[in-house]
Amino acid sequence: MAVRLFEGKDHAAAYLQYRVTPHEIINIVMNYMKKKTPNQLNLAVDVGCGSGQGTIPLAPFFTKVVGTDVSLAQLEMALTNSNPPNVSYRQCPAEELPFASGEVDLVTAMTAAHWFDRPKFLLEADRVLRPGGCLALLSYTMDMELEYGDISSMLNVICKEFYAALRPLRDPYIGSSSRKIYSDMFDSCPYPDKEWNECFPVKRVVPLSGYIGMVETFSSYEKLRIKDPAEAERLSNDIQSKLLSAMKVSSPDTEVTVVVKYFYLLACKP
């Protein structure tokens with residue numbers, strides 16, 4: 001079965017504000033596609049598109065890009081973007097895509113496929129992909145790191161406190177390791193032409209408050225916020241205060257470098 005989360009409007013807005021767009025990996029996906037099937041870039045489908053962070057960057061490469069999501073709140077947030085004219089959105093489950101068999105050139109899912117009914121989704125992706133079409137699935141681990149002067153290691157000890165508090169709240173459907181989920185999908189993908197990268201760091205300079213905001217978009221934090229709003233706020237404020245103290249600054253607008261550890265699989269349908 002698939003799991004439905006991220007459907008509140010506030011959570012969708014936070015997604016749009018704080019989640020990272022992995023341009024570097026999108027470029028890798030497109031280079032992979034151009035090697036496999038040059039000049040066949042008509043339709044890309046971004047499944048579990050959320051608020052469109054990964055959908056819009058595909059627009060320059062394809063005639064048409066469609067983002068799909070089961071959450072209406074996420075899609076409403078996606079429509080607040082400055083969407084290029086060749087980008088549109090549809091509400092549907094990942095396992096029931098509204099496309100004809102063999103119609104799609106690229107199926108992507110960015111930080112979403114772990115919530116799908118994965119065997120059904122892989123079958124559906126295979127159905128809609130044309131021969132020579134590509135599948136690209138990517139996500140990242142919870143344990144983002146911070147870089148700030150010569151105290152990065154000190155900050156990351158504090159970050160680990162944040163993650164440790166949230167780890168017991170991870171949904172049982174995704175277990176303790178998202179990376180293993182994607183590694184298992186890679187192993188189960190029947191296409192012989194496929195690639196796996198289990199650690200691709202992406203760095204972004206953000207305000208410290210932006211890092212806190214990113215962690216607050218995690219499903220485990222959202223679960224805590226719904227269960228005990230005061231405890232969720234206390235946890236965020238405590239971690240932010242400890243980080244500010246270690247940095248010897250007072251403003252949460254102080255910039256830090258966030259290191260997001262992505263992993264991805266690429267596969268080309270024979």
# chains A, B, ... in the order shown; residues from 1 in each chain; ligands from 1

call {"tool": "closest_atom_pairs", "arguments": {"of": "stretch 48-83 of chain A", "to": "stretch 135-143 of chain A", "cutoff": "12 Å", "atoms": "only C-alpha atoms", "output": "Markdown table"}}
result
| residue | atom | partner | partner_atom | distance |
| --- | --- | --- | --- | --- |
| A:Gly48 | CA | A:Leu137 | CA | 10.9 |
| A:Cys49 | CA | A:Leu137 | CA | 11.9 |
| A:Gly54 | CA | A:Leu138 | CA | 10.5 |

call {"tool": "write_last_selection", "arguments": {"atoms": "N, CA, C and O atoms", "output": "short mmCIF file (atom, residue, chain, number, x, y, z; two decimals), in the first residue's frame"}}
result
data_model
loop_
_atom_site.label_atom_id
_atom_site.label_comp_id
_atom_site.auth_asym_id
_atom_site.auth_seq_id
_atom_site.Cartn_x
_atom_site.Cartn_y
_atom_site.Cartn_z
N GLY A 48 4.74 12.26 -7.47
CA GLY A 48 4.91 12.72 -6.09
C GLY A 48 5.62 14.06 -6.08
O GLY A 48 6.53 14.31 -5.30
N CYS A 49 5.15 14.96 -6.95
CA CYS A 49 5.88 16.20 -7.23
C CYS A 49 5.83 17.21 -6.09
O CYS A 49 6.60 18.17 -6.08
N GLY A 54 11.04 19.90 -8.01
CA GLY A 54 11.78 19.11 -9.00
C GLY A 54 11.12 19.10 -10.36
O GLY A 54 11.73 18.68 -11.35
#

call {"tool": "residues_around", "arguments": {"residues": "A:Phe61", "least_positions_apart": "4", "cutoff": "12 Å", "atoms": "only C-alpha atoms", "output": "PyMOL selection string"}}
result
chain A and resi 26-27+29-31+33-34+38-44+55-57+65+84+86-87+105-106

call {"tool": "write_last_selection", "arguments": {"atoms": "N, CA, C and O atoms", "output": "mmCIF file, in the first residue's frame"}}
result
data_model
loop_
_atom_site.group_PDB
_atom_site.id
_atom_site.type_symbol
_atom_site.label_atom_id
_atom_site.label_comp_id
_atom_site.auth_asym_id
_atom_site.auth_seq_id
_atom_site.Cartn_x
_atom_site.Cartn_y
_atom_site.Cartn_z
ATOM 1 N N ILE A 26 19.467 16.681 -11.192
ATOM 2 C CA ILE A 26 18.659 16.810 -12.402
ATOM 3 C C ILE A 26 19.558 16.889 -13.633
ATOM 4 O O ILE A 26 19.281 16.286 -14.676
ATOM 5 N N ASN A 27 20.685 17.600 -13.520
ATOM 6 C CA ASN A 27 21.641 17.660 -14.638
ATOM 7 C C ASN A 27 22.228 16.291 -14.932
ATOM 8 O O ASN A 27 22.432 15.923 -16.099
ATOM 9 N N VAL A 29 20.704 13.430 -14.387
ATOM 10 C CA VAL A 29 19.611 12.691 -15.030
ATOM 11 C C VAL A 29 19.544 13.036 -16.515
ATOM 12 O O VAL A 29 19.432 12.151 -17.382
ATOM 13 N N MET A 30 19.621 14.326 -16.820
ATOM 14 C CA MET A 30 19.498 14.735 -18.218
ATOM 15 C C MET A 30 20.706 14.289 -19.045
ATOM 16 O O MET A 30 20.546 13.893 -20.206
ATOM 17 N N ASN A 31 21.891 14.315 -18.473
ATOM 18 C CA ASN A 31 23.067 13.812 -19.201
ATOM 19 C C ASN A 31 22.935 12.319 -19.469
ATOM 20 O O ASN A 31 23.308 11.826 -20.546
ATOM 21 N N MET A 33 20.069 10.702 -19.788
ATOM 22 C CA MET A 33 19.055 10.546 -20.834
ATOM 23 C C MET A 33 19.610 10.853 -22.213
ATOM 24 O O MET A 33 19.334 10.140 -23.187
ATOM 25 N N LYS A 34 20.384 11.909 -22.302
ATOM 26 C CA LYS A 34 20.892 12.329 -23.614
ATOM 27 C C LYS A 34 21.875 11.299 -24.180
ATOM 28 O O LYS A 34 21.995 11.151 -25.400
ATOM 29 N N PRO A 38 19.088 10.371 -27.190
ATOM 30 C CA PRO A 38 19.126 11.780 -27.612
ATOM 31 C C PRO A 38 17.951 12.111 -28.526
ATOM 32 O O PRO A 38 17.457 11.259 -29.278
ATOM 33 N N ASN A 39 17.489 13.339 -28.414
ATOM 34 C CA ASN A 39 16.439 13.874 -29.285
ATOM 35 C C ASN A 39 15.065 13.231 -29.070
ATOM 36 O O ASN A 39 14.202 13.334 -29.937
ATOM 37 N N GLN A 40 14.873 12.591 -27.916
ATOM 38 C CA GLN A 40 13.544 12.075 -27.599
ATOM 39 C C GLN A 40 13.157 12.578 -26.210
ATOM 40 O O GLN A 40 13.172 11.832 -25.240
ATOM 41 N N LEU A 41 12.864 13.852 -26.140
ATOM 42 C CA LEU A 41 12.574 14.499 -24.863
ATOM 43 C C LEU A 41 11.224 15.217 -24.966
ATOM 44 O O LEU A 41 11.135 16.436 -24.861
ATOM 45 N N ASN A 42 10.184 14.421 -25.160
ATOM 46 C CA ASN A 42 8.853 15.007 -25.356
ATOM 47 C C ASN A 42 8.089 15.193 -24.051
ATOM 48 O O ASN A 42 7.576 16.269 -23.782
ATOM 49 N N LEU A 43 8.033 14.130 -23.225
ATOM 50 C CA LEU A 43 7.193 14.176 -22.029
ATOM 51 C C LEU A 43 7.935 13.634 -20.817
ATOM 52 O O LEU A 43 8.402 12.496 -20.827
ATOM 53 N N ALA A 44 8.033 14.462 -19.766
ATOM 54 C CA ALA A 44 8.562 14.033 -18.472
ATOM 55 C C ALA A 44 7.434 14.067 -17.453
ATOM 56 O O ALA A 44 6.617 14.995 -17.456
ATOM 57 N N THR A 55 9.887 19.567 -10.435
ATOM 58 C CA THR A 55 9.138 19.543 -11.695
ATOM 59 C C THR A 55 9.583 20.669 -12.617
ATOM 60 O O THR A 55 9.891 20.448 -13.799
ATOM 61 N N ILE A 56 9.620 21.877 -12.077
ATOM 62 C CA ILE A 56 9.919 23.059 -12.891
ATOM 63 C C ILE A 56 11.311 22.992 -13.538
ATOM 64 O O ILE A 56 11.466 23.363 -14.714
ATOM 65 N N PRO A 57 12.362 22.506 -12.834
ATOM 66 C CA PRO A 57 13.683 22.461 -13.480
ATOM 67 C C PRO A 57 13.768 21.528 -14.688
ATOM 68 O O PRO A 57 14.724 21.605 -15.462
ATOM 69 N N VAL A 65 6.048 18.856 -19.399
ATOM 70 C CA VAL A 65 6.358 18.276 -18.087
ATOM 71 C C VAL A 65 5.071 18.263 -17.269
ATOM 72 O O VAL A 65 4.380 19.280 -17.167
ATOM 73 N N PRO A 84 6.511 27.530 -15.898
ATOM 74 C CA PRO A 84 6.628 27.728 -17.349
ATOM 75 C C PRO A 84 5.389 27.199 -18.057
ATOM 76 O O PRO A 84 4.667 26.341 -17.516
ATOM 77 N N ASN A 86 4.942 25.096 -20.313
ATOM 78 C CA ASN A 86 4.913 23.666 -20.659
ATOM 79 C C ASN A 86 4.834 22.767 -19.428
ATOM 80 O O ASN A 86 4.987 21.549 -19.531
ATOM 81 N N VAL A 87 4.583 23.360 -18.248
ATOM 82 C CA VAL A 87 4.456 22.587 -17.010
ATOM 83 C C VAL A 87 2.997 22.586 -16.559
ATOM 84 O O VAL A 87 2.346 23.641 -16.508
ATOM 85 N N ASP A 105 8.701 9.776 -21.732
ATOM 86 C CA ASP A 105 10.146 9.665 -21.963
ATOM 87 C C ASP A 105 10.942 9.555 -20.666
ATOM 88 O O ASP A 105 11.958 8.874 -20.614
ATOM 89 N N LEU A 106 10.492 10.243 -19.622
ATOM 90 C CA LEU A 106 11.179 10.219 -18.327
ATOM 91 C C LEU A 106 10.145 10.174 -17.206
ATOM 92 O O LEU A 106 9.226 10.990 -17.172
#

call {"tool": "closest_residue", "arguments": {"among": "A:Asp238, A:Asp193, A:Glu145, A:Glu103", "to": "A:Ala165", "atoms": "only C-alpha atoms"}}
result
A:Asp238

call {"tool": "closest_atom_pairs", "arguments": {"of": "stretch 117-192 of chain A", "to": "stretch 251-258 of chain A", "cutoff": "9 Å", "atoms": "only C-alpha atoms", "output": "tab-separated table"}}
result
residue	atom	partner	partner_atom	distance
A:Met144	CA	A:Val258	CA	6.7
A:Glu145	CA	A:Val258	CA	5.8
A:Leu146	CA	A:Val258	CA	4.7
A:Glu147	CA	A:Thr257	CA	5.0
A:Tyr148	CA	A:Val256	CA	5.6
A:Gly149	CA	A:Val256	CA	8.9

call {"tool": "atom_distance", "arguments": {"atom1": "atom CA of A:Leu97", "atom2": "atom CA of A:Ala125"}}
result
8.2 Å

call {"tool": "atom_distance", "arguments": {"atom1": "atom CA of A:Ala232", "atom2": "atom CA of A:Leu166"}}
result
9.7 Å

call {"tool": "atom_distance", "arguments": {"atom1": "atom CA of A:Lys269", "atom2": "atom CA of A:Glu96"}}
result
19.0 Å

call {"tool": "select_by_dssp", "arguments": {"residues": "stretch 11-233 of chain A", "states": "alpha helix (DSSP H)", "output": "number ranges by chain"}}
result
A: 11-18, 23-36, 72-78, 118-128, 152-166, 178-188, 208-216, 219-227, 229-233

call {"tool": "closest_residue", "arguments": {"among": "A:Val66, A:Leu72, A:Leu208, A:Val20", "to": "A:Gln53", "atoms": "only C-alpha atoms"}}
result
A:Val20

call {"tool": "closest_residue", "arguments": {"among": "A:Phe218, A:Glu76, A:Val45, A:Leu235", "to": "A:Leu129", "atoms": "only C-alpha atoms"}}
result
A:Val45

call {"tool": "closest_residue", "arguments": {"among": "A:Tyr191, A:Tyr264, A:Phe162, A:Phe186", "to": "A:Leu243", "atoms": "only C-alpha atoms"}}
result
A:Phe162

call {"tool": "select_by_dssp", "arguments": {"residues": "stretch 115-194 of chain A", "states": "strand (DSSP E)", "output": "JSON, numbers by chain"}}
result
{"A": [129, 130, 131, 132, 133, 134, 135, 136, 137, 138, 139, 140, 145, 146, 147, 193, 194]}

call {"tool": "write_last_selection", "arguments": {"atoms": "all heavy atoms", "output": "compact mmCIF listing (two decimals), in the first residue's frame"}}
result
# COMPACT_ATOMS: atom_id res chain seq x y z
N LEU A 129 6.42 4.19 -19.60
CA LEU A 129 7.67 4.54 -20.28
C LEU A 129 7.71 3.90 -21.68
O LEU A 129 7.35 2.74 -21.86
CB LEU A 129 8.87 4.05 -19.48
CG LEU A 129 9.33 4.91 -18.31
CD1 LEU A 129 10.40 4.18 -17.50
CD2 LEU A 129 9.86 6.27 -18.78
N ARG A 130 8.20 4.66 -22.63
CA ARG A 130 8.45 4.09 -23.95
C ARG A 130 9.75 3.28 -23.91
O ARG A 130 10.58 3.47 -23.01
CB ARG A 130 8.59 5.21 -24.98
CG ARG A 130 9.77 6.14 -24.71
CD ARG A 130 10.06 7.03 -25.89
NE ARG A 130 11.06 8.04 -25.55
CZ ARG A 130 12.38 7.81 -25.48
NH1 ARG A 130 12.85 6.60 -25.70
NH2 ARG A 130 13.21 8.78 -25.17
N PRO A 131 9.96 2.38 -24.85
CA PRO A 131 11.27 1.74 -24.95
C PRO A 131 12.36 2.79 -25.13
O PRO A 131 12.23 3.70 -25.96
CB PRO A 131 11.13 0.86 -26.20
CG PRO A 131 9.67 0.59 -26.30
CD PRO A 131 8.99 1.85 -25.82
N GLY A 132 13.40 2.72 -24.33
CA GLY A 132 14.44 3.74 -24.33
C GLY A 132 14.16 4.88 -23.37
O GLY A 132 15.01 5.74 -23.16
N GLY A 133 12.96 4.89 -22.76
CA GLY A 133 12.65 5.90 -21.75
C GLY A 133 13.40 5.61 -20.46
O GLY A 133 13.89 4.50 -20.23
N CYS A 134 13.49 6.62 -19.61
CA CYS A 134 14.32 6.52 -18.41
C CYS A 134 13.50 6.70 -17.13
O CYS A 134 12.52 7.45 -17.11
CB CYS A 134 15.44 7.54 -18.45
SG CYS A 134 16.66 7.22 -19.75
N LEU A 135 13.97 6.03 -16.10
CA LEU A 135 13.43 6.15 -14.75
C LEU A 135 14.51 6.75 -13.86
O LEU A 135 15.66 6.29 -13.88
CB LEU A 135 13.03 4.76 -14.23
CG LEU A 135 12.56 4.65 -12.78
CD1 LEU A 135 11.21 5.33 -12.60
CD2 LEU A 135 12.47 3.18 -12.37
N ALA A 136 14.15 7.78 -13.09
CA ALA A 136 15.11 8.42 -12.18
C ALA A 136 14.43 8.61 -10.82
O ALA A 136 13.45 9.35 -10.71
CB ALA A 136 15.57 9.76 -12.73
N LEU A 137 14.94 7.93 -9.81
CA LEU A 137 14.41 8.03 -8.45
C LEU A 137 15.50 8.53 -7.53
O LEU A 137 16.62 8.00 -7.54
CB LEU A 137 13.92 6.66 -7.96
CG LEU A 137 12.94 5.92 -8.87
CD1 LEU A 137 12.58 4.57 -8.27
CD2 LEU A 137 11.70 6.75 -9.14
N LEU A 138 15.21 9.54 -6.74
CA LEU A 138 16.22 10.10 -5.86
C LEU A 138 15.61 10.56 -4.55
O LEU A 138 14.43 10.87 -4.46
CB LEU A 138 16.95 11.27 -6.54
CG LEU A 138 16.09 12.42 -7.05
CD1 LEU A 138 16.30 13.65 -6.19
CD2 LEU A 138 16.46 12.74 -8.49
N SER A 139 16.45 10.56 -3.53
CA SER A 139 16.03 11.03 -2.22
C SER A 139 17.30 11.35 -1.43
O SER A 139 18.41 11.32 -1.98
CB SER A 139 15.16 10.01 -1.50
OG SER A 139 14.55 10.59 -0.36
N TYR A 140 17.14 11.63 -0.13
CA TYR A 140 18.30 11.92 0.70
C TYR A 140 18.08 11.40 2.11
O TYR A 140 16.96 11.10 2.52
CB TYR A 140 18.65 13.41 0.71
CG TYR A 140 17.54 14.34 1.11
CD1 TYR A 140 17.24 14.60 2.44
CD2 TYR A 140 16.79 15.00 0.12
CE1 TYR A 140 16.23 15.48 2.79
CE2 TYR A 140 15.78 15.89 0.48
CZ TYR A 140 15.51 16.11 1.81
OH TYR A 140 14.51 16.99 2.15
N GLU A 145 24.15 17.66 7.26
CA GLU A 145 25.22 18.23 8.07
C GLU A 145 25.33 19.73 7.82
O GLU A 145 24.87 20.24 6.79
CB GLU A 145 26.55 17.55 7.75
CG GLU A 145 26.57 16.08 8.14
CD GLU A 145 27.92 15.42 7.86
OE1 GLU A 145 28.74 16.03 7.15
OE2 GLU A 145 28.13 14.30 8.35
N LEU A 146 25.93 20.42 8.78
CA LEU A 146 26.16 21.86 8.66
C LEU A 146 27.65 22.14 8.57
O LEU A 146 28.46 21.47 9.21
CB LEU A 146 25.58 22.60 9.87
CG LEU A 146 24.07 22.54 10.07
CD1 LEU A 146 23.65 23.37 11.29
CD2 LEU A 146 23.32 23.01 8.83
N GLU A 147 28.00 23.14 7.79
CA GLU A 147 29.37 23.64 7.73
C GLU A 147 29.35 25.12 8.13
O GLU A 147 28.54 25.90 7.61
CB GLU A 147 29.94 23.49 6.32
CG GLU A 147 30.12 22.04 5.90
CD GLU A 147 30.68 21.89 4.49
OE1 GLU A 147 30.78 22.92 3.77
OE2 GLU A 147 31.01 20.76 4.08
N ASP A 193 20.21 -1.95 -17.97
CA ASP A 193 21.00 -0.71 -18.05
C ASP A 193 20.55 0.21 -16.91
O ASP A 193 19.53 0.90 -17.01
CB ASP A 193 20.75 -0.04 -19.41
CG ASP A 193 21.67 1.15 -19.64
OD1 ASP A 193 22.26 1.66 -18.67
OD2 ASP A 193 21.79 1.58 -20.80
N LYS A 194 21.29 0.18 -15.80
CA LYS A 194 20.90 0.99 -14.64
C LYS A 194 22.13 1.38 -13.84
O LYS A 194 23.17 0.73 -13.90
CB LYS A 194 19.89 0.24 -13.77
CG LYS A 194 20.35 -1.13 -13.27
CD LYS A 194 19.22 -1.85 -12.52
CE LYS A 194 19.65 -3.23 -12.04
NZ LYS A 194 18.57 -3.92 -11.28
